[in-house]
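Okay, structure first, notes after.
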Amino acid sequence: MVKTNVQPGARLLGLAAALLMLLGLAGCGVQITSAALPQSATLEKGDTVQMEVDFGTENQAEAEAIAKAAEKLDLTWTSSDEAVATVDEDGLVTAVGPGAAEITVSVADGNISNTCLVTVTVTATGVTVPETLELVTNGENTANLNARLRRRTRPESR
């Protein structure tokens with residue numbers, strides 16, 4: 001039997017260090033089970049928005065532990081219609097043209113994904129109306145005139 005001479009303070013210090021290591025290893029075991037995006041977003045053509053993912057776990061882990069676990073995930077971002085909205089590898093969405101597109105984030109090593117419906121609008125910046133307008137009513141003194149603002153589509157120059 002080998003006998004060692006350990007001072008009481010050193011034994012207590014070693015026990016405390018072992019306990020801290022054990023707690024630290026338990027905190028690394030956070031497993032992400034869900035990824036949430038906003039349900040929808042409305043953007044004006046040309047605007048951008050950074051999609052924020054809210055990661056969840058089965059148990060109630062601390063926000064810091066979830067953030068550390070999320071940093072290790074390999075995320076893939078996609079758009080269902082790049083003529084409406086594009087998304088880069090970091091989740092930055094750019095509104096390209098009018099319509100609606102689904103922006104999806106997926107976790108590469110899991111069966112986790114979520115979708116945000118992005119609607120892109122184009123607001124009229126002006127209306128041109130002629131100075132005079134002649135209305136022929138086929139012999140009637142009054143008539144209803146309905147006006148509608150329609151978007152004119154032109155191919156964009158590149």
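For the structure tokens, the naming scheme is as follows: chains receive sequential letters (A, B, ...) according to their order of presentation, residues are indexed from 1 within each chain, and ligands are indexed from 1 in presentation order.
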
*Which neighbours of segment 111-116 of chain A fall inside 8 Å, counting only C-alpha atoms, when residues of the same chain fewer than 5 positions from it are skipped, and could you give them as number ranges by chain?*
A: 33-41, 102-106

Taking C-alpha atoms for each residue, export the selection above as a short mmCIF file (atom, residue, chain, number, x, y, z; two decimals), in the first residue's frame.
data_model
loop_
_atom_site.label_atom_id
_atom_site.label_comp_id
_atom_site.auth_asym_id
_atom_site.auth_seq_id
_atom_site.Cartn_x
_atom_site.Cartn_y
_atom_site.Cartn_z
CA THR A 33 -34.81 19.66 -31.03
CA SER A 34 -36.52 22.56 -32.85
CA ALA A 35 -35.81 25.67 -34.89
CA ALA A 36 -38.45 28.41 -35.05
CA LEU A 37 -38.69 31.31 -37.49
CA PRO A 38 -41.24 34.13 -37.52
CA GLN A 39 -44.50 32.85 -39.03
CA SER A 40 -44.51 35.57 -41.70
CA ALA A 41 -42.83 38.79 -42.80
CA GLU A 102 -41.31 30.49 -48.31
CA ILE A 103 -37.93 30.91 -46.62
CA THR A 104 -36.82 27.64 -45.02
CA VAL A 105 -34.04 26.91 -42.55
CA SER A 106 -32.91 23.29 -42.13
#

*Work out how far apart atom CA of Ala70 of chain A and atom CA of Thr48 of chain A are and give it in Å to one decimal.*
23.4 Å

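The residue that comes closest to Glu89 of chain A, out of A:Val122, A:Val30, A:Met51, A:Leu133 and on the basis of only C-alpha atoms, is A:Met51.
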
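When atom CA of Ala95 of chain A is paired with atom CA of Gly126 of chain A, their separation reads 20.6 Å.
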
*Calculate how many Å separate atom CA of Val127 of chain A from atom CA of Leu149 of chain A, rounding to one decimal.*
8.2 Å

_Long-range neighbours of Val96 of chain A as a PyMOL selection string, 7 Å cut-off, only C-alpha atoms, 4 positions minimum in chain_ = chain A and resi 45-46+83-85

*Pick out the closest residue to Trp77 of chain A from this set: A:Val49, A:Ala101, A:Val120, A:Leu92. Count only C-alpha atoms.*
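Closest to Trp77 of chain A of all the choices is A:Leu92.
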
*Pick from A:Gln31, A:Thr123, A:Thr132, A:Thr76: nearest to Glu44 of chain A, with only C-alpha atoms counted?*
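Ranked by minimum distance to Glu44 of chain A, first place goes to A:Thr123.
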
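Shortest atom-to-atom contact with Ala147 of chain A among A:Val129, A:Ile32, A:Val53, A:Ala65: A:Val129, counting only C-alpha atoms.
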
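Between Arg150 of chain A and the candidates A:Leu43, A:Val93, A:Ala100, A:Ala124, the tightest atom-to-atom separation, counting only C-alpha atoms, involves A:Ala124.
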